[in-house]
Amino acid sequence: MEDRGRIIDGRAYAEELMEEVKAGVRALHGAVGIATLLVGDDYAASVYQRRIDRHAQEAGVFSRAERLPGDTSLPRVLALLDELDRDARVSGILVLRPLPAHLPESAVLRALPRFKDVEAQHPENAGLLALGTPRFTPSTAAAAFHMLDRYMASVGRDPARAYDGLDLVLVGRSNNVGKPAAILGLARNATVISAHKHTADAGRLAEHTRMADLLIVAAGVPGLITGGFVREGAIVVDIGINAVVQPDGSTKLVGDVDTASVLPLVEAVSPVPGGVGPITDVWLLRNALVAARLARGEA
């Protein structure tokens, strides 16, 4: 029987990736910048924005963190995106989700400058990703597979072949995580199944997740996946980040996987916090570095 109950240390992989990013930024003499735009006061998005700013400073990347009130009009948002596009210090722009309900997300994402759209949210960049020729790979999905590639290598499996024919089940089909992760799984020759709210509503979620050799969860539902939802010996990646109010009134970030009940059954699981999240932060900066190279005609 294979070893069970490994915790995948995303922080260690993030630290290695950060050193690569720092070297790339130094090679460009610091001409790399990331701008983040938060409209409203979503807690998880606010935490993410602060983390990006902190990691950018560590990497020597210019950071411009913009916040607008939740009732900001669409023209004001579009005007700020245009201003960020014209800011020569900024090589990459991220619009943080969720956007307030009154803002049409499609109009905001279409307004992103294509060569600064480091999360591939503009329709052109999303299309390039779907075709297998990405200009940028969305950071969360990219981070999940970077972590998996590194884990596979650490246990003696060649990442170039480790996914061939595996049953990969994704829980969640969002445009920024679930769908890109499905594309990346297909590119690695996995057999990909996308499960979502309607799968759960039909009472068939566990039926699919228990088939998974590799289970990636990005549903935004705290503790959704318990031990009864996993196949013994599976590898489980928890991408969920949920703000849960504790009895003492404090707020804690938790994942979509109940790690305590899953861990004894699976080969490995990524924790929240400390799994995909730290790599995601650095991958976004890596994408800003790629954008800076594109702007210089080097990529």
# chains A, B, ... in the order shown; residues from 1 in each chain; ligands from 1
>>> residues_around(residues="range 147-153 of chain A", least_positions_apart="4", cutoff="8 Å", atoms="only C-alpha atoms", output="ChimeraX atom specification")
/A:8,10,13,143,157-159,162,276,279
>>> select_by_dssp(residues="range 195-253 of chain A", states="alpha helix (DSSP H)", output="PDB file with all heavy atoms, in the first residue's frame")
ATOM      1  N   LYS A 197     -22.319  22.795  -8.928  1.00  0.00           N
ATOM      2  CA  LYS A 197     -23.516  22.900  -8.085  1.00  0.00           C
ATOM      3  C   LYS A 197     -24.627  21.966  -8.555  1.00  0.00           C
ATOM      4  O   LYS A 197     -25.306  21.324  -7.735  1.00  0.00           O
ATOM      5  CB  LYS A 197     -24.015  24.345  -8.071  1.00  0.00           C
ATOM      6  CG  LYS A 197     -25.280  24.553  -7.227  1.00  0.00           C
ATOM      7  CD  LYS A 197     -25.747  25.984  -7.286  1.00  0.00           C
ATOM      8  CE  LYS A 197     -26.978  26.196  -6.392  1.00  0.00           C
ATOM      9  NZ  LYS A 197     -28.131  25.375  -6.828  1.00  0.00           N
ATOM     10  N   HIS A 198     -24.816  21.869  -9.858  1.00  0.00           N
ATOM     11  CA  HIS A 198     -25.907  21.037 -10.367  1.00  0.00           C
ATOM     12  C   HIS A 198     -25.613  19.557 -10.190  1.00  0.00           C
ATOM     13  O   HIS A 198     -26.542  18.751 -10.048  1.00  0.00           O
ATOM     14  CB  HIS A 198     -26.180  21.386 -11.826  1.00  0.00           C
ATOM     15  CG  HIS A 198     -26.634  22.805 -12.012  1.00  0.00           C
ATOM     16  ND1 HIS A 198     -27.912  23.216 -11.758  1.00  0.00           N
ATOM     17  CD2 HIS A 198     -25.942  23.915 -12.379  1.00  0.00           C
ATOM     18  CE1 HIS A 198     -28.018  24.530 -11.980  1.00  0.00           C
ATOM     19  NE2 HIS A 198     -26.827  24.967 -12.352  1.00  0.00           N
ATOM     20  N   THR A 199     -24.320  19.206 -10.181  1.00  0.00           N
ATOM     21  CA  THR A 199     -23.954  17.833  -9.838  1.00  0.00           C
ATOM     22  C   THR A 199     -24.378  17.525  -8.412  1.00  0.00           C
ATOM     23  O   THR A 199     -24.936  16.466  -8.122  1.00  0.00           O
ATOM     24  CB  THR A 199     -22.428  17.640  -9.977  1.00  0.00           C
ATOM     25  OG1 THR A 199     -21.968  18.200 -11.208  1.00  0.00           O
ATOM     26  CG2 THR A 199     -22.059  16.171  -9.921  1.00  0.00           C
ATOM     27  N   ALA A 200     -24.083  18.463  -7.515  1.00  0.00           N
ATOM     28  CA  ALA A 200     -24.467  18.282  -6.106  1.00  0.00           C
ATOM     29  C   ALA A 200     -25.982  18.283  -5.943  1.00  0.00           C
ATOM     30  O   ALA A 200     -26.537  17.468  -5.188  1.00  0.00           O
ATOM     31  CB  ALA A 200     -23.840  19.388  -5.260  1.00  0.00           C
ATOM     32  N   ASP A 201     -26.669  19.186  -6.661  1.00  0.00           N
ATOM     33  CA  ASP A 201     -28.126  19.254  -6.555  1.00  0.00           C
ATOM     34  C   ASP A 201     -28.781  17.951  -7.021  1.00  0.00           C
ATOM     35  O   ASP A 201     -29.856  17.576  -6.529  1.00  0.00           O
ATOM     36  CB  ASP A 201     -28.666  20.415  -7.387  1.00  0.00           C
ATOM     37  CG  ASP A 201     -28.339  21.775  -6.782  1.00  0.00           C
ATOM     38  OD1 ASP A 201     -27.909  21.807  -5.612  1.00  0.00           O
ATOM     39  OD2 ASP A 201     -28.496  22.793  -7.487  1.00  0.00           O
ATOM     40  N   LEU A 205     -22.622  14.248  -6.459  1.00  0.00           N
ATOM     41  CA  LEU A 205     -21.268  14.763  -6.274  1.00  0.00           C
ATOM     42  C   LEU A 205     -20.330  13.682  -5.751  1.00  0.00           C
ATOM     43  O   LEU A 205     -19.246  13.455  -6.308  1.00  0.00           O
ATOM     44  CB  LEU A 205     -21.279  15.962  -5.327  1.00  0.00           C
ATOM     45  CG  LEU A 205     -19.914  16.612  -5.072  1.00  0.00           C
ATOM     46  CD1 LEU A 205     -19.297  17.106  -6.372  1.00  0.00           C
ATOM     47  CD2 LEU A 205     -20.043  17.763  -4.080  1.00  0.00           C
ATOM     48  N   ALA A 206     -20.709  13.005  -4.689  1.00  0.00           N
ATOM     49  CA  ALA A 206     -19.840  11.985  -4.101  1.00  0.00           C
ATOM     50  C   ALA A 206     -19.574  10.848  -5.080  1.00  0.00           C
ATOM     51  O   ALA A 206     -18.480  10.268  -5.097  1.00  0.00           O
ATOM     52  CB  ALA A 206     -20.453  11.440  -2.815  1.00  0.00           C
ATOM     53  N   GLU A 207     -20.561  10.540  -5.906  1.00  0.00           N
ATOM     54  CA  GLU A 207     -20.386   9.494  -6.924  1.00  0.00           C
ATOM     55  C   GLU A 207     -19.194   9.802  -7.823  1.00  0.00           C
ATOM     56  O   GLU A 207     -18.412   8.911  -8.171  1.00  0.00           O
ATOM     57  CB  GLU A 207     -21.669   9.390  -7.749  1.00  0.00           C
ATOM     58  CG  GLU A 207     -21.600   8.450  -8.940  1.00  0.00           C
ATOM     59  CD  GLU A 207     -22.866   8.510  -9.781  1.00  0.00           C
ATOM     60  OE1 GLU A 207     -23.938   8.905  -9.253  1.00  0.00           O
ATOM     61  OE2 GLU A 207     -22.791   8.163 -10.967  1.00  0.00           O
ATOM     62  N   HIS A 208     -19.053  11.066  -8.168  1.00  0.00           N
ATOM     63  CA  HIS A 208     -17.941  11.460  -9.042  1.00  0.00           C
ATOM     64  C   HIS A 208     -16.650  11.623  -8.261  1.00  0.00           C
ATOM     65  O   HIS A 208     -15.587  11.176  -8.715  1.00  0.00           O
ATOM     66  CB  HIS A 208     -18.299  12.762  -9.761  1.00  0.00           C
ATOM     67  CG  HIS A 208     -19.366  12.600 -10.795  1.00  0.00           C
ATOM     68  ND1 HIS A 208     -19.172  11.926 -11.981  1.00  0.00           N
ATOM     69  CD2 HIS A 208     -20.664  13.028 -10.816  1.00  0.00           C
ATOM     70  CE1 HIS A 208     -20.291  11.935 -12.692  1.00  0.00           C
ATOM     71  NE2 HIS A 208     -21.203  12.607 -11.998  1.00  0.00           N
ATOM     72  N   THR A 209     -16.703  12.283  -7.110  1.00  0.00           N
ATOM     73  CA  THR A 209     -15.450  12.544  -6.388  1.00  0.00           C
ATOM     74  C   THR A 209     -14.795  11.260  -5.908  1.00  0.00           C
ATOM     75  O   THR A 209     -13.560  11.188  -5.815  1.00  0.00           O
ATOM     76  CB  THR A 209     -15.695  13.483  -5.189  1.00  0.00           C
ATOM     77  OG1 THR A 209     -16.637  12.888  -4.286  1.00  0.00           O
ATOM     78  CG2 THR A 209     -16.198  14.842  -5.663  1.00  0.00           C
TER      79      THR A 209
END
>>> residues_around(residues="Gly274 in chain A", least_positions_apart="2", cutoff="8 Å", atoms="only C-alpha atoms", output="list in words")
Asp9, Gly10, Arg11, Ser270, Pro271, Val272, Val276, Gly277 and Pro278 of chain A
>>> residues_around(residues="range 140-142 of chain A", least_positions_apart="5", cutoff="9 Å", atoms="only C-alpha atoms", output="list in words")
Glu119, Met147, Asn176, Val177, Gly178, Lys179, Pro180, Ala181, Ala182, Leu184, Ile239, Val276, Gly277, Ile279, Thr280, Asp281, Trp283 and Leu284 of chain A
>>> residues_around(residues="Glu232 in chain A", least_positions_apart="6", cutoff="9 Å", atoms="only C-alpha atoms", output="PyMOL selection string")
chain A and resi 4+210+213+264-267
>>> select_by_dssp(residues="range 31-204 of chain A", states="strand (DSSP E or B)", output="PyMOL selection string")
chain A and resi 33-39+62-68+92-95+117+167-171+191-195
>>> atom_distance(atom1="CA of Asp82 in chain A", atom2="CA of Val25 in chain A")
24.6 Å
>>> residues_around(residues="Gly92 in chain A", least_positions_apart="5", cutoff="7 Å", atoms="only C-alpha atoms", output="compact mmCIF listing (two decimals) with N, CA, C and O atoms, in the first residue's frame")
# COMPACT_ATOMS: atom_id res chain seq x y z
N GLY A 33 5.77 45.56 -12.53
CA GLY A 33 4.80 46.12 -11.60
C GLY A 33 3.47 45.41 -11.66
O GLY A 33 3.06 44.94 -12.72
N ILE A 34 2.81 45.33 -10.52
CA ILE A 34 1.48 44.72 -10.45
C ILE A 34 0.49 45.71 -9.85
O ILE A 34 0.78 46.35 -8.84
N ALA A 35 -0.65 45.86 -10.50
CA ALA A 35 -1.73 46.69 -9.97
C ALA A 35 -2.91 45.78 -9.66
O ALA A 35 -3.26 44.91 -10.46
N LYS A 116 -1.53 43.31 -20.34
CA LYS A 116 -1.35 43.47 -18.89
C LYS A 116 -2.32 42.60 -18.11
O LYS A 116 -2.32 42.63 -16.87
N ASP A 117 -3.12 41.83 -18.81
CA ASP A 117 -4.16 41.00 -18.22
C ASP A 117 -3.55 39.69 -17.71
O ASP A 117 -3.69 38.63 -18.32
N VAL A 118 -2.88 39.76 -16.56
CA VAL A 118 -2.06 38.65 -16.10
C VAL A 118 -2.86 37.46 -15.56
O VAL A 118 -2.28 36.41 -15.29
N ALA A 288 3.28 38.85 -13.95
CA ALA A 288 3.64 40.25 -14.17
C ALA A 288 5.04 40.36 -14.77
O ALA A 288 5.30 41.24 -15.60
N ALA A 291 4.70 39.54 -18.39
CA ALA A 291 4.13 40.69 -19.08
C ALA A 291 5.18 41.76 -19.34
O ALA A 291 5.21 42.39 -20.41
>>> residues_around(residues="Asn189 in chain A", least_positions_apart="3", cutoff="8 Å", atoms="only C-alpha atoms", output="PDB file with N, CA, C and O atoms, in the first residue's frame")
ATOM      1  N   TYR A 163       0.217  12.223 -15.101  1.00  0.00           N
ATOM      2  CA  TYR A 163      -1.222  12.446 -15.182  1.00  0.00           C
ATOM      3  C   TYR A 163      -1.889  11.605 -16.267  1.00  0.00           C
ATOM      4  O   TYR A 163      -3.125  11.579 -16.355  1.00  0.00           O
ATOM      5  N   ASP A 164      -1.101  10.913 -17.069  1.00  0.00           N
ATOM      6  CA  ASP A 164      -1.646  10.196 -18.220  1.00  0.00           C
ATOM      7  C   ASP A 164      -2.748   9.224 -17.800  1.00  0.00           C
ATOM      8  O   ASP A 164      -2.512   8.275 -17.051  1.00  0.00           O
ATOM      9  N   GLY A 165      -3.964   9.497 -18.250  1.00  0.00           N
ATOM     10  CA  GLY A 165      -5.076   8.606 -17.994  1.00  0.00           C
ATOM     11  C   GLY A 165      -5.675   8.671 -16.609  1.00  0.00           C
ATOM     12  O   GLY A 165      -6.655   7.961 -16.328  1.00  0.00           O
ATOM     13  N   LEU A 166      -5.120   9.500 -15.720  1.00  0.00           N
ATOM     14  CA  LEU A 166      -5.696   9.607 -14.379  1.00  0.00           C
ATOM     15  C   LEU A 166      -7.097  10.216 -14.447  1.00  0.00           C
ATOM     16  O   LEU A 166      -7.379  11.074 -15.287  1.00  0.00           O
ATOM     17  N   GLY A 185      -5.527  20.335 -16.910  1.00  0.00           N
ATOM     18  CA  GLY A 185      -5.584  18.893 -16.724  1.00  0.00           C
ATOM     19  C   GLY A 185      -5.634  18.148 -18.042  1.00  0.00           C
ATOM     20  O   GLY A 185      -4.950  17.128 -18.229  1.00  0.00           O
ATOM     21  N   LEU A 186      -6.431  18.651 -18.981  1.00  0.00           N
ATOM     22  CA  LEU A 186      -6.491  18.043 -20.311  1.00  0.00           C
ATOM     23  C   LEU A 186      -5.136  18.118 -21.012  1.00  0.00           C
ATOM     24  O   LEU A 186      -4.724  17.174 -21.700  1.00  0.00           O
TER      25      LEU A 186
END
>>> closest_residue(among="A:Gly30, A:Pro134, A:Gly228, A:Gly223", to="Phe62 in chain A", atoms="only C-alpha atoms")
A:Gly30
>>> closest_atom_pairs(of="range 72-154 of chain A", to="range 39-52 of chain A", cutoff="9 Å", atoms="only C-alpha atoms", output="JSON lines")
{"residue": "A:Thr72", "atom": "CA", "partner": "A:Val39", "partner_atom": "CA", "distance": 7.4}
{"residue": "A:Val77", "atom": "CA", "partner": "A:Val39", "partner_atom": "CA", "distance": 8.3}
{"residue": "A:Val95", "atom": "CA", "partner": "A:Val39", "partner_atom": "CA", "distance": 8.5}
{"residue": "A:Leu96", "atom": "CA", "partner": "A:Ala45", "partner_atom": "CA", "distance": 6.3}
{"residue": "A:Arg97", "atom": "CA", "partner": "A:Ala45", "partner_atom": "CA", "distance": 6.6}
{"residue": "A:Pro98", "atom": "CA", "partner": "A:Asp42", "partner_atom": "CA", "distance": 7.3}
{"residue": "A:Leu99", "atom": "CA", "partner": "A:Val39", "partner_atom": "CA", "distance": 6.2}
{"residue": "A:Pro100", "atom": "CA", "partner": "A:Gly40", "partner_atom": "CA", "distance": 6.7}
>>> write_last_selection(atoms="N, CA and C atoms", output="PDB file, in the first residue's frame")
ATOM      1  N   THR A  72     -19.330  52.126  -6.722  1.00  0.00           N
ATOM      2  CA  THR A  72     -18.654  52.808  -7.834  1.00  0.00           C
ATOM      3  C   THR A  72     -19.321  52.461  -9.164  1.00  0.00           C
ATOM      4  N   VAL A  77     -14.891  52.714 -12.958  1.00  0.00           N
ATOM      5  CA  VAL A  77     -14.022  51.531 -12.971  1.00  0.00           C
ATOM      6  C   VAL A  77     -13.229  51.472 -14.269  1.00  0.00           C
ATOM      7  N   VAL A  95      -8.021  42.432 -11.667  1.00  0.00           N
ATOM      8  CA  VAL A  95      -9.295  42.859 -11.094  1.00  0.00           C
ATOM      9  C   VAL A  95      -9.743  41.763 -10.134  1.00  0.00           C
ATOM     10  N   LEU A  96      -9.880  42.133  -8.870  1.00  0.00           N
ATOM     11  CA  LEU A  96     -10.226  41.151  -7.842  1.00  0.00           C
ATOM     12  C   LEU A  96     -11.730  40.861  -7.852  1.00  0.00           C
ATOM     13  N   ARG A  97     -12.060  39.601  -7.695  1.00  0.00           N
ATOM     14  CA  ARG A  97     -13.441  39.161  -7.609  1.00  0.00           C
ATOM     15  C   ARG A  97     -13.771  38.821  -6.160  1.00  0.00           C
ATOM     16  N   PRO A  98     -15.068  38.915  -5.816  1.00  0.00           N
ATOM     17  CA  PRO A  98     -16.211  39.224  -6.675  1.00  0.00           C
ATOM     18  C   PRO A  98     -16.379  40.719  -6.868  1.00  0.00           C
ATOM     19  N   LEU A  99     -16.952  41.082  -8.020  1.00  0.00           N
ATOM     20  CA  LEU A  99     -17.341  42.461  -8.259  1.00  0.00           C
ATOM     21  C   LEU A  99     -18.753  42.685  -7.693  1.00  0.00           C
ATOM     22  N   PRO A 100     -19.073  43.917  -7.289  1.00  0.00           N
ATOM     23  CA  PRO A 100     -20.448  44.198  -6.848  1.00  0.00           C
ATOM     24  C   PRO A 100     -21.459  43.838  -7.936  1.00  0.00           C
TER      25      PRO A 100
END
